[in-house]
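Comments concern the structure below.
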Amino acid sequence: MTVSPALSMTGISKAFPGVRALDGVDFECVAGEVHAICGENGAGKSTLMKILGGSYRPDAGTIEVAGRAIHFTHPRQAAEMGIAIIHQELSLLPHRSVTENIFMGREIVRRGFLDKAAMHRKAALLLKRIGAEIDPRTLVSSLSIALQQLVEIAKALLLDARILVMDEPTAALDERDSRTLLALVSTLRREGVAIVYISHRMPEVTAIADRITILKDGRKVWTRRADSAPVTEIVRAMVGRDLKEFYPPAPVSPPGKVLLAVAGGNNAALDEIAFEVRAGEIIGVAGLEDSGKGALASALVGDAPFAGGTMMLGGKPTALRTPRQATAAGIGYLPGDRKREGLALRQSVRDNALLTLRSMAGLFTRPFKGALGNAKIDETLRTMDVRAADFGQEIGTLSGGNQQKAIIVRWLEQASQILVFVEPTRGIDIAAKAAIYETMRSFADSGRGIVVVSSDMPELIGIADRVIVMHQGRISGSVARGAGEEDIMNLALGLSGPALGRTVA
Amino acid sequence: MSQSAVKLNVGMPVALLLALMSIGLFVVVALSTGETAQLSWQGATGLLQRMVALGLVALGQTFVILVGSIDLSVAALISAVAVLASHLMQGDPAMIVPAVIACLGLCAIVGFVNGALVAYGGINPLIATLGTGLIIQGVLAASFGALQGTVAREFQILAYGGVLGIPYPLLLLASLSLAAAFVLDRTLFGARIYAVGGNPDGARLAGIRTERVTLSAHMVASLFAGAGGLYLAARLQSGTPWIGRDGLYDLESIAVTVIGGTILAGGKGGVAGTLAGVLLFATLDASFNMLGIDAFLKQVLRGVIVIAAVAVHAVRAKGHVA
């Protein structure tokens, strides 16, 4: 038992501005083993793998491959050490053939020229080895996502990788393709490859893993043999943390009339969406990264609208095809990626707060008068306690919390009836979080409704009156206030709820 | 699920189609205007010779566009090379080789600077190459008084000579085109250009040093522009600081590349399409001349055709996705 592990990472730490992504994480994987890493969104799984792949450099800690300490500065070096990473986002060239993709960066050269025949031959062999029936001369853009995933794996195998990292490899695959992929993973394990398998799909993890490591908030919770780690314990370790106290109290009065009702809503990313939002209610939307919760928000605000189904706003059937229609109909949107979708960073706080009012105003409205004037908007900004030296300063210089408050002001001014928040407190410090929760509650208490999409489960439990949980584009269930994180996690993982027993329509 | 239906590489058919359309247009116009002399061997080589200057520049442009960049400095560089070549030669045949070497050296430097700004400096290629182009143009205009001269008479054989009835310029274009196509299709450098242009992050993760590839592509583009400049100097006997700009070689080289099916985002396209695009422009010019179309209307028609050609590509791409 003195064999050194194929891979061992010790005390790995990595900080990004404002976030401690990894904090002293130890991890090892031996040859012929599948070692799964589980954790919630943002637990640090992907960061750890990017460090292993040479994309990031760790702030502290050591990496040893087959007993030799290594320091990567370019992904090339990781590849040369026999580490292959299959990334979550595919890194293929759509306009090139399967062979050209498999050999990207490692083309076979004979007498200075590409040896295409040899590459096609070897690609065909690799594809056959993993059981993929693909003509190596096919263009990648004409392949399904599942087949593209197999091309990625063939790419990794070309390296004769001793360590294979798979980051959510089944995220885009359906049941049948997933099973094929898992069979392939087993084959590779038998061939002595050390496999690091990142996933939050519990059935897969328990089926394939030899050992499981749980990460949470950048720290390792534990590493155990898979046979001594039942799913319930894994889920508890992934979510187990205390509810914070700074959530406002639940409303005393029951919710009022229905403001928004969706039935049978569907589009490319969503299926059979049905739910309603009542006056005075905060509806949480939970789900994993690929569950469709973001797509639901986009559909509600008309960005990627529902293609079918019905939507009733205040009792009237409404079809929202564009964000402008949604805004006019009284739906406000606070996007998760504030810098990209929420703010004009180089414009003033005032300009940002006035954005929707100005864009919805008639062409001949006099600017800087009435609601569009400085006095009025400054007053609302002050009421919302947006802290800036001067509301004329660039909003990019404000903290995340103050930026978010300025966006809330934007929709207050527009007198929106429903606000759709996506990750409302991402990158925002604790104190500002509390203020934003207060605002959300008082907005709802004034007879309006809120839909809040979040990956932060304690947040949803703390703020929402009801949480609907999404799994694979559908609503897999909903839980009332007072439910625990594990109830939500089980629904989000598809372990309970209607999604489990569904048949292919 | 697996779409194993054989999918041909669509690069060639598009080029072929475009070339056939161009030739068809030329023949129809020549017949209908009675200018049948245009259809002789001489007429045909004359038509093809119109392709040379733009063709050389566009070959280089194809490399940078494939890698996901662009080069707006080629027009100024063409002028610079033409002026420098005629100034260094001063009609002396002994100076031909040194002058050519000096010109290509200048191109290598300009290409290196462009590539370094784009790949290592992270500057948007439109701005970076617009900037270097303006600098070259400015220096050239300011110092032109001191840079007079004519190329050697022997050097002009490059533009006017020929072998077996085939003009040298055509041979030059043909051999450089073949070389470029070969490099893109059969060498490591070519494969990496497609990789970097198609997916820069993916290429980096596959271990490709993407910056070097981008920089090299820029050097290729500048060297091809230099070849275009040398050809123009040979044809015109002496260079002026405006031949590149007046020839619109920057924008037209981009236009023909894109018409030929190379996508501006990079990673798809090739030499055959670009040559077909150049042929289209040459036949349009020749046809308009035969038809006696007004110069300004000519511009309008060219614009319409550029948009139409690119629109066809856009529609085809959409159809492919669906």
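By order of appearance in the structure tokens: chains A, B, ..., then residues from 1 within every chain, and ligands from 1 in the order shown.
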
List the spatial neighbours of Leu117 in chain B as a PDB file with N, CA and C atoms, in the first residue's frame - criterion: any atom at most 10 Å away, only C-alpha atoms, same-chain residues fewer than 4 positions off excluded.
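As a result, result.pdb now contains:
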ATOM      1  N   GLY B 111       3.794  43.482 -39.287  1.00  0.00           N
ATOM      2  CA  GLY B 111       2.957  42.351 -38.898  1.00  0.00           C
ATOM      3  C   GLY B 111       3.205  41.952 -37.455  1.00  0.00           C
ATOM      4  N   PHE B 112       4.473  41.998 -37.061  1.00  0.00           N
ATOM      5  CA  PHE B 112       4.825  41.654 -35.685  1.00  0.00           C
ATOM      6  C   PHE B 112       4.180  42.628 -34.712  1.00  0.00           C
ATOM      7  N   VAL B 113       4.281  43.918 -35.045  1.00  0.00           N
ATOM      8  CA  VAL B 113       3.692  44.931 -34.159  1.00  0.00           C
ATOM      9  C   VAL B 113       2.177  44.747 -34.084  1.00  0.00           C
ATOM     10  N   GLY B 121      -1.155  42.519 -26.329  1.00  0.00           N
ATOM     11  CA  GLY B 121      -1.662  43.752 -25.741  1.00  0.00           C
ATOM     12  C   GLY B 121      -3.155  43.703 -25.484  1.00  0.00           C
ATOM     13  N   GLY B 122      -3.818  42.724 -26.099  1.00  0.00           N
ATOM     14  CA  GLY B 122      -5.255  42.621 -25.891  1.00  0.00           C
ATOM     15  C   GLY B 122      -6.047  43.765 -26.507  1.00  0.00           C
ATOM     16  N   ILE B 123      -5.454  44.446 -27.480  1.00  0.00           N
ATOM     17  CA  ILE B 123      -6.146  45.571 -28.113  1.00  0.00           C
ATOM     18  C   ILE B 123      -7.032  45.039 -29.232  1.00  0.00           C
ATOM     19  N   ASN B 124      -8.229  45.574 -29.323  1.00  0.00           N
ATOM     20  CA  ASN B 124      -9.136  45.171 -30.390  1.00  0.00           C
ATOM     21  C   ASN B 124      -8.439  45.331 -31.739  1.00  0.00           C
ATOM     22  N   PRO B 125      -8.467  44.274 -32.563  1.00  0.00           N
ATOM     23  CA  PRO B 125      -7.690  44.315 -33.808  1.00  0.00           C
ATOM     24  C   PRO B 125      -8.116  45.440 -34.764  1.00  0.00           C
ATOM     25  N   ILE B 127      -8.978  48.421 -33.956  1.00  0.00           N
ATOM     26  CA  ILE B 127      -8.338  49.656 -33.496  1.00  0.00           C
ATOM     27  C   ILE B 127      -6.830  49.569 -33.667  1.00  0.00           C
ATOM     28  N   ALA B 128      -6.250  48.431 -33.269  1.00  0.00           N
ATOM     29  CA  ALA B 128      -4.794  48.284 -33.328  1.00  0.00           C
ATOM     30  C   ALA B 128      -4.294  48.479 -34.764  1.00  0.00           C
ATOM     31  N   THR B 129      -4.938  47.804 -35.718  1.00  0.00           N
ATOM     32  CA  THR B 129      -4.432  47.869 -37.084  1.00  0.00           C
ATOM     33  C   THR B 129      -4.843  49.166 -37.763  1.00  0.00           C
ATOM     34  N   THR B 132      -1.952  51.397 -36.528  1.00  0.00           N
ATOM     35  CA  THR B 132      -0.674  51.222 -37.224  1.00  0.00           C
ATOM     36  C   THR B 132      -0.795  51.700 -38.672  1.00  0.00           C
ATOM     37  N   LEU B 215      -0.211  36.108 -33.565  1.00  0.00           N
ATOM     38  CA  LEU B 215       0.875  36.979 -34.014  1.00  0.00           C
ATOM     39  C   LEU B 215       1.400  36.521 -35.378  1.00  0.00           C
TER      40      LEU B 215
END

* Asked: How would you write, as a ChimeraX atom specification, the set of residues in range 223-257 of chain B that DSSP gives as alpha helix (DSSP H)?
  -> /B:223-236,243-246,249-257

Limited to C-alpha atoms, could you put the picked residues into a file as a compact mmCIF listing (two decimals), in the first residue's frame?
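Result went into part.txt, see below:
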# COMPACT_ATOMS: atom_id res chain seq x y z
CA LEU B 223 3.87 39.82 -45.88
CA PHE B 224 1.09 39.17 -48.39
CA ALA B 225 0.25 42.86 -48.37
CA GLY B 226 3.93 43.47 -49.07
CA ALA B 227 3.78 41.10 -52.03
CA GLY B 228 0.81 43.10 -53.30
CA GLY B 229 2.77 46.32 -52.85
CA LEU B 230 5.77 44.99 -54.78
CA TYR B 231 3.52 43.89 -57.62
CA LEU B 232 1.90 47.31 -57.82
CA ALA B 233 5.30 49.01 -57.80
CA ALA B 234 6.38 46.81 -60.70
CA ARG B 235 3.24 47.61 -62.62
CA LEU B 236 3.20 51.33 -61.98
CA ILE B 243 -1.97 53.57 -54.16
CA GLY B 244 -3.04 51.35 -51.29
CA ARG B 245 -5.65 53.70 -49.96
CA ASP B 246 -7.06 54.60 -53.38
CA TYR B 249 -7.32 47.25 -50.47
CA ASP B 250 -8.15 47.17 -46.77
CA LEU B 251 -11.92 47.06 -47.03
CA GLU B 252 -12.06 45.15 -50.31
CA SER B 253 -9.74 42.43 -49.06
CA ILE B 254 -12.05 41.96 -46.09
CA ALA B 255 -15.12 42.01 -48.35
CA VAL B 256 -13.86 39.34 -50.75
CA THR B 257 -12.70 37.13 -47.88

Might you pull out every residue within 9 Å of range 312-317 of chain A, with only C-alpha atoms counted and same-chain residues fewer than 3 positions away left off, and present them as a compact mmCIF listing (two decimals) with N, CA and C atoms, in the first residue's frame?
# COMPACT_ATOMS: atom_id res chain seq x y z
N LYS A 257 -54.94 38.63 -3.76
CA LYS A 257 -55.41 38.10 -5.05
C LYS A 257 -54.23 37.68 -5.92
N VAL A 258 -54.56 36.86 -6.90
CA VAL A 258 -53.51 36.36 -7.78
C VAL A 258 -53.05 37.47 -8.72
N LEU A 259 -51.76 37.76 -8.72
CA LEU A 259 -51.21 38.78 -9.62
C LEU A 259 -50.77 38.15 -10.94
N LEU A 260 -50.14 37.01 -10.83
CA LEU A 260 -49.56 36.38 -12.01
C LEU A 260 -49.84 34.88 -11.94
N ALA A 261 -50.32 34.34 -13.04
CA ALA A 261 -50.55 32.89 -13.08
C ALA A 261 -50.03 32.37 -14.42
N VAL A 262 -49.19 31.35 -14.35
CA VAL A 262 -48.67 30.72 -15.55
C VAL A 262 -49.19 29.29 -15.57
N ALA A 263 -49.64 28.84 -16.74
CA ALA A 263 -50.09 27.46 -16.87
C ALA A 263 -49.55 26.85 -18.15
N ALA A 329 -46.13 45.87 -18.73
CA ALA A 329 -47.17 45.11 -18.03
C ALA A 329 -46.93 45.09 -16.52
N GLY A 330 -45.85 45.72 -16.07
CA GLY A 330 -45.62 45.84 -14.63
C GLY A 330 -44.73 44.77 -14.04

* To do: Up to 9 Å from chain B, what residues of chain A turn up? Count only C-alpha atoms and give them as a PyMOL selection string.
  => chain A and resi 53-55+74-80+85+90-97+100-101+104-109+112-116+133-135+137-139+141-144+147

Let's have the selection written as a tab-separated table (two decimals), in the first residue's frame, with N, CA and C atoms.
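File written: again20.tsv
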chain	number	residue	atom	x	y	z
A	53	GLY	N	-6.01	21.75	-13.70
A	53	GLY	CA	-5.79	21.80	-15.14
A	53	GLY	C	-4.83	22.88	-15.58
A	54	GLY	N	-4.32	23.69	-14.65
A	54	GLY	CA	-3.36	24.71	-15.00
A	54	GLY	C	-3.98	26.02	-15.46
A	55	SER	N	-5.32	26.14	-15.38
A	55	SER	CA	-5.94	27.40	-15.79
A	55	SER	C	-5.78	28.47	-14.71
A	74	HIS	N	0.58	26.90	-17.55
A	74	HIS	CA	-0.19	26.90	-18.78
A	74	HIS	C	-0.89	25.53	-18.88
A	75	PRO	N	-2.12	25.49	-19.38
A	75	PRO	CA	-2.82	24.20	-19.48
A	75	PRO	C	-2.00	23.14	-20.20
A	76	ARG	N	-1.08	23.57	-21.09
A	76	ARG	CA	-0.26	22.62	-21.82
A	76	ARG	C	0.52	21.69	-20.88
A	77	GLN	N	1.03	22.28	-19.80
A	77	GLN	CA	1.85	21.49	-18.88
A	77	GLN	C	1.03	20.43	-18.18
A	78	ALA	N	-0.21	20.78	-17.83
A	78	ALA	CA	-1.07	19.79	-17.21
A	78	ALA	C	-1.30	18.64	-18.18
A	79	ALA	N	-1.50	18.98	-19.43
A	79	ALA	CA	-1.74	17.95	-20.44
A	79	ALA	C	-0.52	17.05	-20.57
A	80	GLU	N	0.67	17.65	-20.52
A	80	GLU	CA	1.88	16.86	-20.66
A	80	GLU	C	2.08	15.91	-19.49
A	85	ILE	N	-8.80	17.13	-18.85
A	85	ILE	CA	-10.00	17.67	-18.21
A	85	ILE	C	-11.10	17.81	-19.24
A	90	LEU	N	-18.28	22.78	-23.49
A	90	LEU	CA	-17.50	22.03	-24.47
A	90	LEU	C	-16.51	22.98	-25.13
A	91	SER	N	-15.32	22.46	-25.43
A	91	SER	CA	-14.32	23.32	-26.05
A	91	SER	C	-14.01	22.80	-27.44
A	92	LEU	N	-15.05	22.58	-28.22
A	92	LEU	CA	-14.86	22.03	-29.56
A	92	LEU	C	-14.92	23.13	-30.62
A	93	LEU	N	-14.44	22.77	-31.81
A	93	LEU	CA	-14.50	23.67	-32.96
A	93	LEU	C	-15.66	23.20	-33.84
A	94	PRO	N	-16.76	23.95	-33.85
A	94	PRO	CA	-17.95	23.46	-34.54
A	94	PRO	C	-17.75	23.26	-36.04
A	95	HIS	N	-16.91	24.08	-36.66
A	95	HIS	CA	-16.79	24.02	-38.11
A	95	HIS	C	-15.73	23.04	-38.59
A	96	ARG	N	-15.14	22.31	-37.67
A	96	ARG	CA	-14.08	21.39	-38.05
A	96	ARG	C	-14.53	19.94	-37.85
A	97	SER	N	-13.81	19.04	-38.46
A	97	SER	CA	-14.21	17.64	-38.39
A	97	SER	C	-13.91	17.05	-37.01
A	100	GLU	N	-10.20	16.54	-36.60
A	100	GLU	CA	-9.47	17.78	-36.35
A	100	GLU	C	-9.67	18.24	-34.91
A	101	ASN	N	-10.85	17.97	-34.35
A	101	ASN	CA	-11.10	18.34	-32.96
A	101	ASN	C	-10.34	17.44	-32.00
A	104	MET	N	-6.81	18.49	-31.93
A	104	MET	CA	-6.51	19.91	-31.76
A	104	MET	C	-5.33	20.11	-30.82
A	105	GLY	N	-4.31	20.77	-31.28
A	105	GLY	CA	-3.13	21.04	-30.46
A	105	GLY	C	-2.14	19.89	-30.42
A	106	ARG	N	-2.50	18.72	-30.92
A	106	ARG	CA	-1.58	17.58	-30.92
A	106	ARG	C	-1.64	16.84	-32.24
A	107	GLU	N	-1.63	17.58	-33.31
A	107	GLU	CA	-1.76	16.98	-34.63
A	107	GLU	C	-0.57	16.08	-34.94
A	108	ILE	N	-0.82	15.04	-35.72
A	108	ILE	CA	0.28	14.16	-36.15
A	108	ILE	C	0.94	14.79	-37.36
A	109	VAL	N	2.25	14.92	-37.30
A	109	VAL	CA	2.99	15.57	-38.37
A	109	VAL	C	3.99	14.57	-38.94
A	112	GLY	N	6.96	17.32	-41.64
A	112	GLY	CA	6.54	18.72	-41.64
A	112	GLY	C	5.10	18.95	-42.02
A	113	PHE	N	4.43	17.91	-42.50
A	113	PHE	CA	3.04	18.12	-42.92
A	113	PHE	C	2.10	17.27	-42.09
A	114	LEU	N	0.86	17.72	-42.01
A	114	LEU	CA	-0.14	16.98	-41.27
A	114	LEU	C	-0.37	15.64	-41.95
A	115	ASP	N	-0.41	14.60	-41.14
A	115	ASP	CA	-0.68	13.27	-41.68
A	115	ASP	C	-2.16	12.97	-41.43
A	116	LYS	N	-2.99	13.44	-42.38
A	116	LYS	CA	-4.44	13.35	-42.16
A	116	LYS	C	-4.92	11.91	-42.12
A	133	GLU	N	-20.27	5.61	-32.33
A	133	GLU	CA	-20.38	5.38	-33.77
A	133	GLU	C	-20.43	6.70	-34.50
A	134	ILE	N	-19.26	7.28	-34.68
A	134	ILE	CA	-19.17	8.57	-35.35
A	134	ILE	C	-18.13	8.45	-36.46
A	135	ASP	N	-18.47	8.95	-37.63
A	135	ASP	CA	-17.49	9.04	-38.71
A	135	ASP	C	-16.54	10.18	-38.38
A	137	ARG	N	-14.79	11.97	-40.03
A	137	ARG	CA	-14.77	13.09	-40.97
A	137	ARG	C	-15.98	14.01	-40.84
A	138	THR	N	-16.91	13.65	-39.95
A	138	THR	CA	-18.12	14.47	-39.76
A	138	THR	C	-17.75	15.82	-39.15
A	139	LEU	N	-18.50	16.85	-39.53
A	139	LEU	CA	-18.33	18.14	-38.87
A	139	LEU	C	-18.96	18.06	-37.48
A	141	SER	N	-20.35	20.32	-35.73
A	141	SER	CA	-21.60	21.06	-35.57
A	141	SER	C	-22.81	20.21	-35.96
A	142	SER	N	-22.58	19.13	-36.70
A	142	SER	CA	-23.73	18.31	-37.09
A	142	SER	C	-23.98	17.19	-36.10
A	143	LEU	N	-23.22	17.12	-35.01
A	143	LEU	CA	-23.41	16.07	-34.01
A	143	LEU	C	-24.30	16.55	-32.88
A	144	SER	N	-25.00	15.61	-32.25
A	144	SER	CA	-25.79	15.96	-31.07
A	144	SER	C	-24.85	16.27	-29.91
A	147	LEU	N	-23.09	13.22	-28.56
A	147	LEU	CA	-21.96	12.76	-29.37
A	147	LEU	C	-20.78	13.72	-29.24

Select from range 15-42 of chain B every residue with an atom at most 8 Å from any atom of range 276-285 of chain B, then for each give the shortest pair of atoms and their distance in Å to one decimal, using only C-alpha atoms, rows by chain and rising number, as CSV.
residue,atom,partner,partner_atom,distance
B:Ala15,CA,B:Ala276,CA,5.4
B:Leu16,CA,B:Ala276,CA,7.2
B:Leu18,CA,B:Ala276,CA,5.8
B:Ala19,CA,B:Ala276,CA,5.0
B:Met21,CA,B:Leu280,CA,8.0
B:Ser22,CA,B:Leu280,CA,5.0
B:Ile23,CA,B:Thr283,CA,7.1
B:Leu25,CA,B:Thr283,CA,7.4
B:Phe26,CA,B:Thr283,CA,5.7

Residues from last step as file, C-alpha atoms, as an mmCIF file, in the first residue's frame:
data_model
loop_
_atom_site.group_PDB
_atom_site.id
_atom_site.type_symbol
_atom_site.label_atom_id
_atom_site.label_comp_id
_atom_site.auth_asym_id
_atom_site.auth_seq_id
_atom_site.Cartn_x
_atom_site.Cartn_y
_atom_site.Cartn_z
ATOM 1 C CA ALA B 15 -16.095 28.710 -53.890
ATOM 2 C CA LEU B 16 -16.846 26.762 -57.025
ATOM 3 C CA LEU B 18 -19.164 31.653 -56.784
ATOM 4 C CA ALA B 19 -16.466 31.215 -59.421
ATOM 5 C CA MET B 21 -21.368 32.528 -61.335
ATOM 6 C CA SER B 22 -18.634 35.094 -61.886
ATOM 7 C CA ILE B 23 -17.449 33.485 -65.094
ATOM 8 C CA LEU B 25 -21.706 36.748 -65.724
ATOM 9 C CA PHE B 26 -18.562 37.713 -67.589
#

* To do: List every residue of range 169-275 of chain A that DSSP, applied to the backbone of this structure, places in strand (DSSP E), and write the result as a VMD selection string.
  => chain A and resid 194 to 198 211 to 216 219 to 225 258 to 267 270 to 275

* Could you work out how far CA of His87 in chain A lies from CA of Val118 in chain B, giving the answer in Å with one decimal? ->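 Separation of CA of Val118 in chain B and CA of His87 in chain A: 26.8 Å.
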
* **Nearby residues (only C-alpha atoms) at most 6 Å from range 289-291 of chain A, same-chain spacing under 3 positions excluded, as an NGL selection string** => :A and (470-473)

* Choose the residue, out of B:Gly292, B:Gly138, B:Pro13, B:Gly303, that has the smallest atom-to-atom separation from Glu35 in chain B; count only C-alpha atoms. =>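 Selected residue with least distance to Glu35 in chain B: B:Gly292.
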
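CA of His313 in chain B is positioned 17.7 Å from CA of Gly68 in chain B.
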
* To do: Extract, using only C-alpha atoms, all DNA, RNA and protein residues at most 12 Å from Val97 in chain B, discarding same-chain residues fewer than 2 positions from it, and format them as a list in words.
  =>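 Result of the neighbour search: Ala85, Leu88, Met89, Asp92, Pro93, Ala94, Met95, Ala99, Val100, Ile101, Ala102, Cys103, Leu104, Val151, Ala152, Glu154, Phe155 and Leu230 of chain B.
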
Counting only C-alpha atoms, what is within 10 Å of Ser4 in chain A, bar same-chain residues fewer than 2 positions away, as a PDB file with N, CA and C atoms, in the first residue's frame?
ATOM      1  N   MET A   1       0.830  -1.209   0.000  1.00  0.00           N
ATOM      2  CA  MET A   1       0.000   0.000   0.000  1.00  0.00           C
ATOM      3  C   MET A   1       0.860   1.253   0.000  1.00  0.00           C
ATOM      4  N   THR A   2       2.107   1.117  -0.433  1.00  0.00           N
ATOM      5  CA  THR A   2       2.969   2.299  -0.421  1.00  0.00           C
ATOM      6  C   THR A   2       2.919   3.056  -1.736  1.00  0.00           C
ATOM      7  N   ALA A   6      -2.110   8.652  -7.740  1.00  0.00           N
ATOM      8  CA  ALA A   6      -1.896   9.277  -9.044  1.00  0.00           C
ATOM      9  C   ALA A   6      -1.908  10.788  -8.917  1.00  0.00           C
ATOM     10  N   LEU A   7      -2.766  11.239  -8.030  1.00  0.00           N
ATOM     11  CA  LEU A   7      -2.903  12.683  -7.872  1.00  0.00           C
ATOM     12  C   LEU A   7      -3.101  12.977  -6.404  1.00  0.00           C
ATOM     13  N   SER A   8      -2.359  13.956  -5.902  1.00  0.00           N
ATOM     14  CA  SER A   8      -2.657  14.390  -4.547  1.00  0.00           C
ATOM     15  C   SER A   8      -2.503  15.899  -4.458  1.00  0.00           C
ATOM     16  N   GLU A  28      -7.185  13.594  -2.999  1.00  0.00           N
ATOM     17  CA  GLU A  28      -6.312  12.665  -3.708  1.00  0.00           C
ATOM     18  C   GLU A  28      -7.139  11.663  -4.485  1.00  0.00           C
ATOM     19  N   CYS A  29      -6.507  11.098  -5.496  1.00  0.00           N
ATOM     20  CA  CYS A  29      -7.190  10.124  -6.319  1.00  0.00           C
ATOM     21  C   CYS A  29      -6.152   9.100  -6.765  1.00  0.00           C
ATOM     22  N   VAL A  30      -6.443   7.811  -6.574  1.00  0.00           N
ATOM     23  CA  VAL A  30      -5.476   6.779  -6.974  1.00  0.00           C
ATOM     24  C   VAL A  30      -5.877   6.181  -8.316  1.00  0.00           C
ATOM     25  N   ALA A  31      -4.910   5.515  -8.937  1.00  0.00           N
ATOM     26  CA  ALA A  31      -5.169   4.918 -10.238  1.00  0.00           C
ATOM     27  C   ALA A  31      -6.252   3.849 -10.101  1.00  0.00           C
ATOM     28  N   GLU A  64       0.735  17.121  -6.331  1.00  0.00           N
ATOM     29  CA  GLU A  64       1.686  16.087  -6.724  1.00  0.00           C
ATOM     30  C   GLU A  64       1.015  15.141  -7.695  1.00  0.00           C
ATOM     31  N   VAL A  65       1.708  14.859  -8.779  1.00  0.00           N
ATOM     32  CA  VAL A  65       1.211  13.874  -9.732  1.00  0.00           C
ATOM     33  C   VAL A  65       2.188  12.708  -9.714  1.00  0.00           C
ATOM     34  N   ALA A  66       1.689  11.527  -9.389  1.00  0.00           N
ATOM     35  CA  ALA A  66       2.510  10.327  -9.263  1.00  0.00           C
ATOM     36  C   ALA A  66       3.731  10.598  -8.382  1.00  0.00           C
ATOM     37  N   GLY A  67       3.516  11.327  -7.298  1.00  0.00           N
ATOM     38  CA  GLY A  67       4.573  11.561  -6.334  1.00  0.00           C
ATOM     39  C   GLY A  67       5.501  12.724  -6.628  1.00  0.00           C
ATOM     40  N   ARG A  68       5.323  13.383  -7.793  1.00  0.00           N
ATOM     41  CA  ARG A  68       6.198  14.509  -8.141  1.00  0.00           C
ATOM     42  C   ARG A  68       5.458  15.824  -7.991  1.00  0.00           C
TER      43      ARG A  68
END

* To do: Using only C-alpha atoms, find the one residue out of B:Ser69, B:Pro167, B:Leu54, B:Thr262 that sits nearest to Ala119 in chain B.
  => B:Ser69

* To do: Considering only C-alpha atoms, state which residue in the set A:Asn267, A:Ala156, A:His200, A:Met384 is at the smallest distance from Met489 in chain A.
  =>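 Using only C-alpha atoms, Met489 in chain A sits closest to A:His200.
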
* Tell me which protein, DNA and RNA residues are within 10 Å of Ala180 in chain B, counting only C-alpha atoms, leaving out same-chain ones fewer than 2 positions away, and put them as a count of residues only. => 19
